[in-house]
Structures are given as structure tokens and as C-alpha cells.
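The file target.csv contains CSV, C-alpha atoms and all ligand atoms:
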chain,number,residue,atom,x,y,z
F,640,MET,CA,135.3,65.6,96.5
F,641,VAL,CA,137.9,65.4,93.8
F,642,THR,CA,141.3,67.1,94.2
F,643,LEU,CA,142.1,69.5,91.4
F,644,SER,CA,145.6,69.6,90.1
F,645,ASP,CA,145.8,73.4,90.3
F,646,GLU,CA,146.2,75.1,93.7
F,647,LEU,CA,144.0,78.1,92.7
F,648,ALA,CA,141.2,76.0,91.3
F,649,GLN,CA,141.3,73.9,94.4
F,650,ALA,CA,141.2,77.0,96.7
F,651,VAL,CA,138.0,78.0,94.8
F,652,VAL,CA,136.5,74.6,95.5
F,653,ASP,CA,137.5,74.8,99.2
F,654,LEU,CA,135.8,78.3,99.2
F,655,ASP,CA,139.1,79.6,100.8
F,656,GLN,CA,138.6,83.3,99.9
F,657,ASP,CA,141.9,84.5,101.4
F,658,LYS,CA,143.9,81.8,99.6
F,659,VAL,CA,142.2,82.6,96.3
F,660,VAL,CA,142.9,86.3,96.6
F,661,GLU,CA,146.5,85.6,97.6
F,662,LEU,CA,147.1,83.2,94.7
F,663,VAL,CA,145.6,85.5,92.1
F,664,LYS,CA,147.8,88.4,93.3
F,665,LYS,CA,150.9,86.2,93.4
F,666,ARG,CA,150.2,84.9,89.8
F,667,LEU,CA,149.5,88.4,88.5
F,668,ASP,CA,152.7,89.7,90.1
F,669,SER,CA,154.8,86.9,88.6
F,670,GLY,CA,153.4,87.7,85.1
F,671,VAL,CA,150.9,84.9,84.6
F,672,PRO,CA,148.4,86.1,81.9
F,673,ALA,CA,145.0,87.2,83.4
F,674,LEU,CA,143.1,84.9,81.1
F,675,GLU,CA,145.1,81.9,82.3
F,676,ILE,CA,144.1,82.8,85.8
F,677,VAL,CA,140.4,83.1,84.8
F,678,ALA,CA,140.6,79.6,83.2
F,679,LYS,CA,141.7,78.2,86.6
F,680,LEU,CA,139.0,80.1,88.5
F,681,GLN,CA,136.4,78.7,86.0
F,682,GLU,CA,137.7,75.2,86.5
F,683,GLY,CA,137.2,75.6,90.3
F,684,MET,CA,133.7,77.1,89.7
F,685,THR,CA,132.7,74.2,87.5
F,686,GLU,CA,133.6,71.8,90.3
F,687,VAL,CA,131.6,73.9,92.8
F,688,GLY,CA,128.7,73.5,90.4
F,689,ARG,CA,129.2,69.8,90.2
F,690,LEU,CA,129.2,69.5,94.0
F,691,PHE,CA,126.0,71.6,94.1
F,692,GLU,CA,124.4,69.3,91.6
F,693,SER,CA,125.4,66.2,93.5
F,694,GLY,CA,124.0,67.6,96.8
F,695,GLU,CA,127.4,68.0,98.5
F,696,TYR,CA,127.2,71.8,98.4
F,697,TYR,CA,124.1,73.9,99.0
F,698,LEU,CA,123.0,77.2,97.6
F,699,SER,CA,124.9,79.1,100.3
F,700,GLU,CA,128.2,77.6,98.9
F,701,LEU,CA,127.2,78.5,95.4
F,702,ILE,CA,126.6,82.1,96.6
F,703,MET,CA,129.9,82.1,98.5
F,704,ALA,CA,131.8,80.9,95.4
F,705,GLY,CA,130.2,83.8,93.4
F,706,GLU,CA,131.3,86.3,96.0
F,707,ILE,CA,134.9,85.0,95.9
F,708,MET,CA,134.8,85.4,92.1
F,709,LYS,CA,133.5,89.0,92.4
F,710,GLU,CA,136.2,89.9,94.9
F,711,VAL,CA,139.1,88.6,92.7
F,712,MET,CA,137.7,90.1,89.6
F,713,VAL,CA,138.6,93.5,91.1
F,714,ASP,CA,142.3,92.6,90.9
F,715,LEU,CA,141.9,91.0,87.5
F,716,GLU,CA,139.9,93.7,85.8
F,717,PRO,CA,142.8,96.1,85.0
F,718,HIS,CA,144.7,93.3,83.4
F,719,LEU,CA,141.7,92.2,81.2
F,720,ALA,CA,140.3,95.6,80.3
F,721,GLY,CA,143.4,97.4,79.2
F,722,ASP,CA,142.9,101.1,78.3
F,723,SER,CA,140.6,101.0,75.3
F,724,GLY,CA,138.7,103.9,73.9
F,725,GLY,CA,135.9,101.8,72.5
F,726,HIS,CA,136.8,102.9,68.9
F,727,ARG,CA,136.1,99.6,67.1
F,728,GLY,CA,132.3,99.6,67.2
F,729,ASN,CA,129.4,98.8,69.4
F,730,ILE,CA,128.5,95.4,70.9
F,731,VAL,CA,125.4,94.8,73.0
F,732,ILE,CA,125.6,92.1,75.6
F,733,GLY,CA,123.4,90.7,78.4
F,734,THR,CA,122.2,87.6,80.2
F,735,VAL,CA,118.9,86.4,78.8
F,736,LYS,CA,115.6,86.5,80.6
F,737,GLY,CA,115.3,83.9,83.4
F,738,ASP,CA,119.0,83.7,84.1
F,739,VAL,CA,120.9,85.9,86.6
F,740,HIS,CA,124.4,84.5,86.3
F,741,ASP,CA,126.8,87.3,85.3
F,742,LEU,CA,130.3,86.6,86.4
F,743,GLY,CA,131.3,85.0,83.1
F,744,LYS,CA,129.5,87.7,81.1
F,745,ASN,CA,131.3,90.4,83.0
F,746,ILE,CA,134.7,88.9,82.1
F,747,VAL,CA,133.6,88.9,78.4
F,748,VAL,CA,132.7,92.6,78.8
F,749,MET,CA,136.1,93.4,80.2
F,750,LEU,CA,137.9,91.5,77.5
F,751,LEU,CA,135.9,93.1,74.6
F,752,LYS,CA,136.5,96.5,76.1
F,753,GLY,CA,140.2,95.7,76.3
F,754,ALA,CA,140.1,94.7,72.6
F,755,GLY,CA,138.8,98.2,71.8
F,756,PHE,CA,135.1,97.7,71.5
F,757,ASN,CA,132.4,99.8,73.0
F,758,VAL,CA,130.2,97.4,75.1
F,759,ILE,CA,126.7,98.2,76.1
F,760,ASP,CA,126.0,95.8,79.0
F,761,LEU,CA,122.3,95.3,79.6
F,762,GLY,CA,122.9,93.3,82.8
F,763,VAL,CA,121.0,90.1,83.7
F,764,ASP,CA,117.5,88.7,83.2
F,765,VAL,CA,117.1,90.8,80.1
F,766,PRO,CA,113.9,90.5,78.1
F,767,LYS,CA,114.2,90.0,74.3
F,768,GLU,CA,112.6,93.4,73.6
F,769,LYS,CA,115.4,95.1,75.5
F,770,PHE,CA,118.1,93.5,73.4
F,771,VAL,CA,116.3,94.6,70.2
F,772,GLU,CA,115.9,98.2,71.5
F,773,ALA,CA,119.5,98.5,72.4
F,774,ILE,CA,120.7,97.0,69.1
F,775,LYS,CA,118.6,99.6,67.3
F,776,GLU,CA,119.7,102.5,69.6
F,777,TYR,CA,123.4,101.7,69.3
F,778,ASN,CA,123.3,100.4,65.7
F,779,ALA,CA,125.3,97.3,67.0
F,780,PRO,CA,126.5,94.8,64.4
F,781,LEU,CA,127.0,92.2,67.1
F,782,VAL,CA,125.1,91.1,70.2
F,783,GLY,CA,126.3,88.7,72.9
F,784,MET,CA,123.9,86.6,75.0
F,785,SER,CA,125.0,84.8,78.1
F,786,VAL,CA,123.2,81.7,79.4
F,787,LEU,CA,124.1,79.3,82.2
F,788,LEU,CA,120.8,77.6,83.0
F,789,THR,CA,119.5,75.0,80.6
F,790,ALA,CA,116.1,76.1,81.7
F,791,ALA,CA,116.8,79.4,80.0
F,792,LEU,CA,117.5,77.7,76.6
F,793,GLU,CA,114.0,78.5,75.2
F,794,SER,CA,114.4,82.1,76.4
F,795,LEU,CA,117.7,82.2,74.5
F,796,LYS,CA,116.1,80.8,71.4
F,797,GLU,CA,113.3,83.4,71.5
F,798,THR,CA,115.8,86.2,72.1
F,799,VAL,CA,117.9,85.2,69.1
F,800,ALA,CA,114.7,84.9,67.0
F,801,ALA,CA,113.6,88.4,68.1
F,802,VAL,CA,116.9,89.9,67.1
F,803,LYS,CA,116.9,88.1,63.7
F,804,ALA,CA,113.2,89.1,63.1
F,805,ALA,CA,114.2,92.8,63.5
F,806,GLY,CA,116.0,92.4,60.2
F,807,LEU,CA,119.0,94.6,61.1
F,808,GLY,CA,121.6,92.1,60.0
F,809,THR,CA,123.0,91.8,63.6
F,810,LYS,CA,125.2,88.8,64.2
F,811,VAL,CA,124.5,86.9,67.4
F,812,ILE,CA,127.0,85.1,69.7
F,813,ILE,CA,125.7,82.9,72.5
F,814,GLY,CA,128.0,82.1,75.4
F,815,GLY,CA,128.0,79.9,78.4
F,816,PRO,CA,129.4,76.6,79.6
F,817,PHE,CA,126.9,74.3,77.7
F,818,MET,CA,127.2,76.0,74.4
F,819,ASP,CA,128.2,73.9,71.3
F,820,GLU,CA,127.5,73.7,67.6
F,821,LYS,CA,124.1,72.0,68.3
F,822,VAL,CA,122.9,74.7,70.6
F,823,LYS,CA,124.0,77.3,68.2
F,824,GLU,CA,122.1,75.7,65.3
F,825,TYR,CA,119.0,75.1,67.6
F,826,CYS,CA,118.9,78.8,68.5
F,827,GLY,CA,119.8,80.2,65.1
F,828,ALA,CA,122.8,82.0,66.4
F,829,ASP,CA,125.9,82.8,64.3
F,830,PHE,CA,128.6,82.0,66.8
F,831,TYR,CA,129.0,80.3,70.2
F,832,ALA,CA,131.6,80.5,72.9
F,833,THR,CA,132.4,78.6,76.1
F,834,ASN,CA,135.1,81.1,77.0
F,835,ALA,CA,135.7,84.8,76.8
F,836,SER,CA,138.5,84.8,74.3
F,837,ASP,CA,136.3,83.0,71.7
F,838,GLY,CA,133.9,86.0,72.1
F,839,VAL,CA,136.7,88.4,71.1
F,840,LYS,CA,137.6,86.1,68.1
F,841,ALA,CA,134.0,86.3,66.9
F,842,ALA,CA,134.0,90.1,67.3
F,843,GLU,CA,137.1,90.3,65.2
F,844,GLU,CA,135.4,88.2,62.6
F,845,VAL,CA,132.4,90.6,62.5
F,846,PHE,CA,134.3,93.9,62.7
F,847,GLY,CA,137.5,92.8,61.0
F,848,LYS,CA,140.9,92.9,62.7
F,849,ASN,CA,141.6,96.6,63.7
P,1,LIG,C1,128.3,81.0,90.9
P,1,LIG,C2,127.1,80.3,90.5
P,1,LIG,C3,125.8,80.9,90.8
P,1,LIG,C4,125.7,82.3,91.5
P,1,LIG,C5,125.8,83.3,90.4
P,1,LIG,C6,126.5,84.6,90.8
P,1,LIG,C7,126.6,85.6,89.7
P,1,LIG,N1,126.6,86.8,90.0
P,1,LIG,O1,126.8,85.2,88.5
P,1,LIG,C8,124.3,82.2,92.1
P,1,LIG,C9,124.4,81.7,93.6
P,1,LIG,C10,123.5,83.5,92.1
P,1,LIG,C11,123.6,81.1,91.3
P,1,LIG,C12,122.3,80.9,91.2
P,1,LIG,C13,121.7,79.8,90.6
P,1,LIG,N2,122.3,78.7,90.0
P,1,LIG,CO1,124.2,78.8,89.6
P,1,LIG,N3,126.1,78.4,89.3
P,1,LIG,C14,127.1,79.1,89.7
P,1,LIG,C15,128.4,78.3,89.2
P,1,LIG,C16,128.9,77.6,90.4
P,1,LIG,C17,129.5,79.1,88.7
P,1,LIG,C18,129.2,80.1,87.5
P,1,LIG,C19,130.3,81.0,87.2
P,1,LIG,O2,130.3,82.1,87.6
P,1,LIG,N4,131.4,80.4,86.6
P,1,LIG,C20,132.6,81.1,86.4
P,1,LIG,C21,132.6,81.9,85.1
P,1,LIG,C22,133.9,82.6,84.8
P,1,LIG,O3,132.4,81.0,84.0
P,1,LIG,P1,131.1,81.0,83.0
P,1,LIG,O4,130.0,81.7,83.7
P,1,LIG,O5,131.0,79.7,82.4
P,1,LIG,O6,131.6,82.1,81.9
P,1,LIG,C23,132.6,81.8,81.0
P,1,LIG,C24,132.1,81.1,79.7
P,1,LIG,O7,130.9,80.3,79.9
P,1,LIG,C25,131.9,82.2,78.7
P,1,LIG,N5,130.7,83.0,78.6
P,1,LIG,C26,129.7,83.1,79.5
P,1,LIG,N6,128.8,84.0,79.1
P,1,LIG,C27,129.2,84.4,77.9
P,1,LIG,C28,128.6,85.3,76.9
P,1,LIG,C29,129.3,85.6,75.8
P,1,LIG,C30,128.7,86.5,74.8
P,1,LIG,C31,130.5,84.9,75.5
P,1,LIG,C32,131.2,85.2,74.2
P,1,LIG,C33,131.1,84.0,76.4
P,1,LIG,C34,130.4,83.8,77.5
P,1,LIG,O8,133.0,83.1,79.0
P,1,LIG,C35,133.1,83.1,80.5
P,1,LIG,C36,134.6,83.4,80.8
P,1,LIG,O9,135.4,82.4,80.3
P,1,LIG,C37,127.8,77.4,88.1
P,1,LIG,C38,128.6,76.1,87.8
P,1,LIG,C39,129.1,76.1,86.4
P,1,LIG,N7,129.4,74.9,86.0
P,1,LIG,O10,129.1,77.0,85.7
P,1,LIG,C40,126.4,77.2,88.7
P,1,LIG,C41,125.2,76.8,87.8
P,1,LIG,C42,125.3,77.5,86.5
P,1,LIG,N8,124.0,77.2,88.6
P,1,LIG,C43,123.1,76.3,88.5
P,1,LIG,C44,121.8,76.5,89.2
P,1,LIG,C45,120.9,75.3,89.1
P,1,LIG,C46,121.5,77.7,89.8
P,1,LIG,C47,120.1,78.0,90.5
P,1,LIG,C48,118.9,77.6,89.8
P,1,LIG,C49,120.2,77.5,91.9
P,1,LIG,C50,118.9,77.6,92.8
P,1,LIG,N9,118.4,76.5,93.2
P,1,LIG,O11,118.5,78.7,93.0
P,1,LIG,C51,120.2,79.6,90.6
P,1,LIG,C52,119.6,80.2,89.3
P,1,LIG,C53,119.2,81.6,89.4
P,1,LIG,C54,118.9,82.2,88.1
P,1,LIG,N10,117.6,82.4,87.8
P,1,LIG,O12,119.7,82.4,87.2
P,1,LIG,C55,123.4,75.1,87.6
P,1,LIG,C56,122.7,75.2,86.3
P,1,LIG,C57,122.3,73.8,85.9
P,1,LIG,C58,121.7,73.7,84.5
P,1,LIG,N11,122.2,72.8,83.7
P,1,LIG,O13,120.9,74.5,84.2
P,1,LIG,C59,125.0,75.2,87.6
P,1,LIG,C60,125.6,74.7,86.3
P,1,LIG,C61,125.5,74.4,88.8
P,1,LIG,C62,125.2,72.9,88.7
P,1,LIG,N12,126.1,72.1,88.1
P,1,LIG,O14,124.1,72.4,89.1
P,1,LIG,N13,124.6,80.3,90.7

Show me this structure written as C-alpha cells.
Amino acid sequence: MVTLSDELAQAVVDLDQDKVVELVKKRLDSGVPALEIVAKLQEGMTEVGRLFESGEYYLSELIMAGEIMKEVMVDLEPHLAGDSGGHRGNIVIGTVKGDVHDLGKNIVVMLLKGAGFNVIDLGVDVPKEKFVEAIKEYNAPLVGMSVLLTAALESLKETVAAVKAAGLGTKVIIGGPFMDEKVKEYCGADFYATNASDGVKAAEEVFGKN
């Protein structure tokens, strides 16, 4: 197991829930920006994933890491979400069919809300038809799709295609740890993001700054 340079990221890898909670509270109290804390949590989660992949951690450890994230998100949420009224327009978001990871998506939702957008969160394992329906219902100029499993790449591609085929002019941002320019091109999306703040940047490009 590697030792991470950051104490918080390391506590995530060690699955030391009490320490993670304590360090997050301490950092928030001392004025560390919430997104900086999220980046350290993400670093720890990436290492947990790597350990799972190499067989050192099992599914139970993956689940435990997810639970720890959920617990600390309660403390982080008020700092990410701000007090927005959702006045800047509608954004539909969801994790595509076949994939149930949602911790990262939920952070994006909080951040978009904090930036003043009205976010319609469809949840996880969302069929392409549901994305299209929601975009129509809310007349959303932007849709965000989250994917963590490479096995769900085809599902992502099909979902982007369904949105584009609806001919509503909706821009699509795809997000997740393995997103890059190539995946974006392959899926026919307009933007990609490997972190939540790039999602907000894309939204500002679509809706204009304020
Ligand atoms: C926690 C976790 C789980 C939890 C999920 C809990 C939950 N409620 O989400 C549980 C235990 C349920 C789980 C299940 C599985 N998992 Co899992 N999981 C992880 C782990 C360790 C962390 C993910 C996480 O929460 N990260 C922290 C958040 C903050 O980061 P993030 O998700 O990347 O999100 C950020 C960005 O990506 C971006 N972002 C994400 N979405 C979006 C969307 C938009 C619009 C935008 C703008 C940005 C954006 O912004 C976020 C914030 O900065 C990852 C490891 C990893 N490297 O990611 C594996 C990982 C994703 N899982 C993996 C696997 C294999 C599985 C399982 C198949 C295991 C199994 N055998 O059952 C199942 C799949 C179930 C399914 N059908 O989806 C693999 C996927 C491998 C691959 N290449 O496909 C990974 C990479 C682990 C590994 N290295 O092997 N998992």
C-alpha cells in the first residue's frame, strides 16, 4: 500500500472514518475551501479503487469507503451548495444506465446549485429515454452525465446520441475519472470533466456568466 502525502487522503485509504470526519471538520473550521477538501477525498478514493483493482481491498472496503464519503458530505454540503435560488436556468443530471456510482455526481449537483442553477437530478442507472424526457420537460439547455465504469461507456454513448437525436440543441457534459478529449469525441459530447468545478465552468459557458 502506498502512503499518500496528505493526512486526509491517507485516512480515507485506511478507512478510518473517525479520523476522516475529524480532519474534514478541522479543515473547514480553519477555512480550507470545501473543494480543496473534496480533491483530497477524491485522491484517497482513487487509491481505494486502485487497491480494489489489485485485489488488496474487497468489495466490502469499496462500500465502506463510499459510506465514509457519504458521511462527510453532510458536513461539506452547506459549504458547496451556498444559498442559491436556482435562477440561472435548468440543468438535468444523472448517472447513466448500468452505473450506480453517485458520490461524485452529488458533489457536482451541490456545486451547480451553489452557482445558482436549478438542477434536476435523475439519480443513478438512468435510461436514455429518461434523460430525454426530463430535458424536454424542463427545457434544459445543458445535461450532465456521470460515468465511472468503463463498461458503461457504450451506455454513455447511446445516451448522448439519444439526446442529440431529440434535436433540442441541448449541450452535453460527460463527467467521471476516465473522461478525456478522446472519450468526449467518441461519445459526441460537447464538454467533459474529471472534477466538479469543470462542470460549473462548462455551465457558465452554456448559460453565460450571470
Ligand atoms: C466508492 C466506489 C464504489 C461504491 C459507490 C458508492 C456510491 N454511492 O457512489 C460501490 C461500492 C457501490 C461501488 C460499486 C462498484 N464499483 Co466502484 N468505485 C468506488 C471508488 C472507490 C470511488 C468512487 C468515488 O466515489 N470517488 C470519489 C468522487 C468524489 O470522485 P468521482 O466519482 O471521480 O467524481 C468526481 C469527478 O469524476 C467528477 N464527476 C463525476 N461525475 C460527474 C458528472 C458531471 C456532469 C461532471 C461535470 C463531473 C463529474 O466530479 C466529481 C467530483 O470532483 C472508485 C475508484 C475511483 N478511482 O473512482 C471505484 C470504481 C469506479 N468502481 C469500480 C468497480 C469495478 C465497481 C463494481 C463493478 C464492483 C463490483 N465488483 O461490484 C461496482 C459497480 C456497480 C455499478 N453497476 O455501478 C471500478 C471501475 C473500473 C472501470 N474501469 O470500470 C473503480 C474505478 C475501482 C477500480 N479501480 O477498480 N463502487

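Residue nearest F:Val711, chosen from F:Val687, F:Ile759, F:Val659, F:Ala678 and counting all atoms listed in the file: F:Val659.
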
Å distance separating atom CA of F:Asn729 from atom CA of F:Tyr777, one decimal place: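 Atom CA of F:Tyr777 lies at a distance of 6.7 Å from atom CA of F:Asn729.
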
Can you work out which one of F:Lys821, F:Lys744, F:Lys769, F:His726 has the shortest atom-to-atom distance to ligand LIG 1 (chain P), counting all atoms listed in the file?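 Using all atoms listed in the file, the shortest distance to ligand LIG 1 (chain P) belongs to F:Lys744.
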
Return as JSON, numbers by chain every polymer residue, whether protein, DNA or RNA, with at least one atom no more than 6 Å from an atom of ligand LIG 1 (chain P); count all atoms listed in the file. {"F": [681, 684, 685, 687, 688, 689, 691, 692, 701, 702, 704, 705, 737, 738, 739, 740, 741, 742, 743, 744, 746, 747, 783, 784, 785, 787, 788, 789, 790, 812, 813, 814, 815, 816, 832, 833, 834, 835, 838]}

Suppose you want the space between atom CA of F:Arg727 and atom CA of F:Gly755; what is it in Å?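 That distance, rounded to one decimal, is 5.6 Å.
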
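Here atom CA of F:Asp714 and atom CA of F:Val652 stand 19.5 Å from one another.
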
From the options F:Ala773, F:Val799, F:Leu751, F:Val713, which residue's atoms come nearest to F:Val735, counting all atoms listed in the file?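 Under the stated criterion, the closest residue is F:Val799.
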
Using only C-alpha atoms, determine which residues lie at most 9 Å from F:Leu792, disregarding the query and same-chain residues fewer than 6 positions distant; provide the list as a list in words.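 In the requested format, the answer is Val786, Val822 and Cys826 of chain F.
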
Can I get the selection written as an mmCIF file, keeping the file's coordinate frame, with C-alpha atoms?
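The resulting file, result-v9.cif, is shown below:
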data_model
loop_
_atom_site.group_PDB
_atom_site.id
_atom_site.type_symbol
_atom_site.label_atom_id
_atom_site.label_comp_id
_atom_site.auth_asym_id
_atom_site.auth_seq_id
_atom_site.Cartn_x
_atom_site.Cartn_y
_atom_site.Cartn_z
ATOM 1 C CA VAL F 786 123.200 81.700 79.400
ATOM 2 C CA VAL F 822 122.900 74.700 70.600
ATOM 3 C CA CYS F 826 118.900 78.800 68.500
#

Report as JSON lines: every residue of stretch 713-759 of chain F with an atom at most 12 Å from stretch 800-811 of chain F, its closest pair of atoms, and their distance in Å to one decimal, counting all atoms listed in the file, with rows sorted by chain and ascending residue number.
{"residue": "F:Asn729", "atom": "CA", "partner": "F:Thr809", "partner_atom": "CA", "distance": 11.1}
{"residue": "F:Ile730", "atom": "CA", "partner": "F:Thr809", "partner_atom": "CA", "distance": 9.8}
{"residue": "F:Val731", "atom": "CA", "partner": "F:Val811", "partner_atom": "CA", "distance": 9.7}
{"residue": "F:Ile732", "atom": "CA", "partner": "F:Val811", "partner_atom": "CA", "distance": 9.8}
{"residue": "F:Gly733", "atom": "CA", "partner": "F:Val811", "partner_atom": "CA", "distance": 11.7}

If we draw a sphere of 8 Å around (144.4, 76.5, 91.8), which residues have at least one atom in it when counting all atoms listed in the file? Please report them as a PyMOL selection string. chain F and resi 643-651+659+662+679-680+683

Would you mind listing what lies within 10 Å of F:Pro766 as a PDB file with C-alpha atoms, keeping the file's coordinate frame, with only C-alpha atoms counted and same-chain residues fewer than 3 positions away left out?
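Listed below is the output, part-v2.pdb:
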ATOM      1  CA  GLY F 733     123.400  90.700  78.400  1.00  0.00           C
ATOM      2  CA  THR F 734     122.200  87.600  80.200  1.00  0.00           C
ATOM      3  CA  VAL F 735     118.900  86.400  78.800  1.00  0.00           C
ATOM      4  CA  LYS F 736     115.600  86.500  80.600  1.00  0.00           C
ATOM      5  CA  GLY F 737     115.300  83.900  83.400  1.00  0.00           C
ATOM      6  CA  LEU F 761     122.300  95.300  79.600  1.00  0.00           C
ATOM      7  CA  VAL F 763     121.000  90.100  83.700  1.00  0.00           C
ATOM      8  CA  LYS F 769     115.400  95.100  75.500  1.00  0.00           C
ATOM      9  CA  PHE F 770     118.100  93.500  73.400  1.00  0.00           C
ATOM     10  CA  VAL F 771     116.300  94.600  70.200  1.00  0.00           C
ATOM     11  CA  SER F 794     114.400  82.100  76.400  1.00  0.00           C
ATOM     12  CA  LEU F 795     117.700  82.200  74.500  1.00  0.00           C
ATOM     13  CA  GLU F 797     113.300  83.400  71.500  1.00  0.00           C
ATOM     14  CA  THR F 798     115.800  86.200  72.100  1.00  0.00           C
TER      15      THR F 798
END
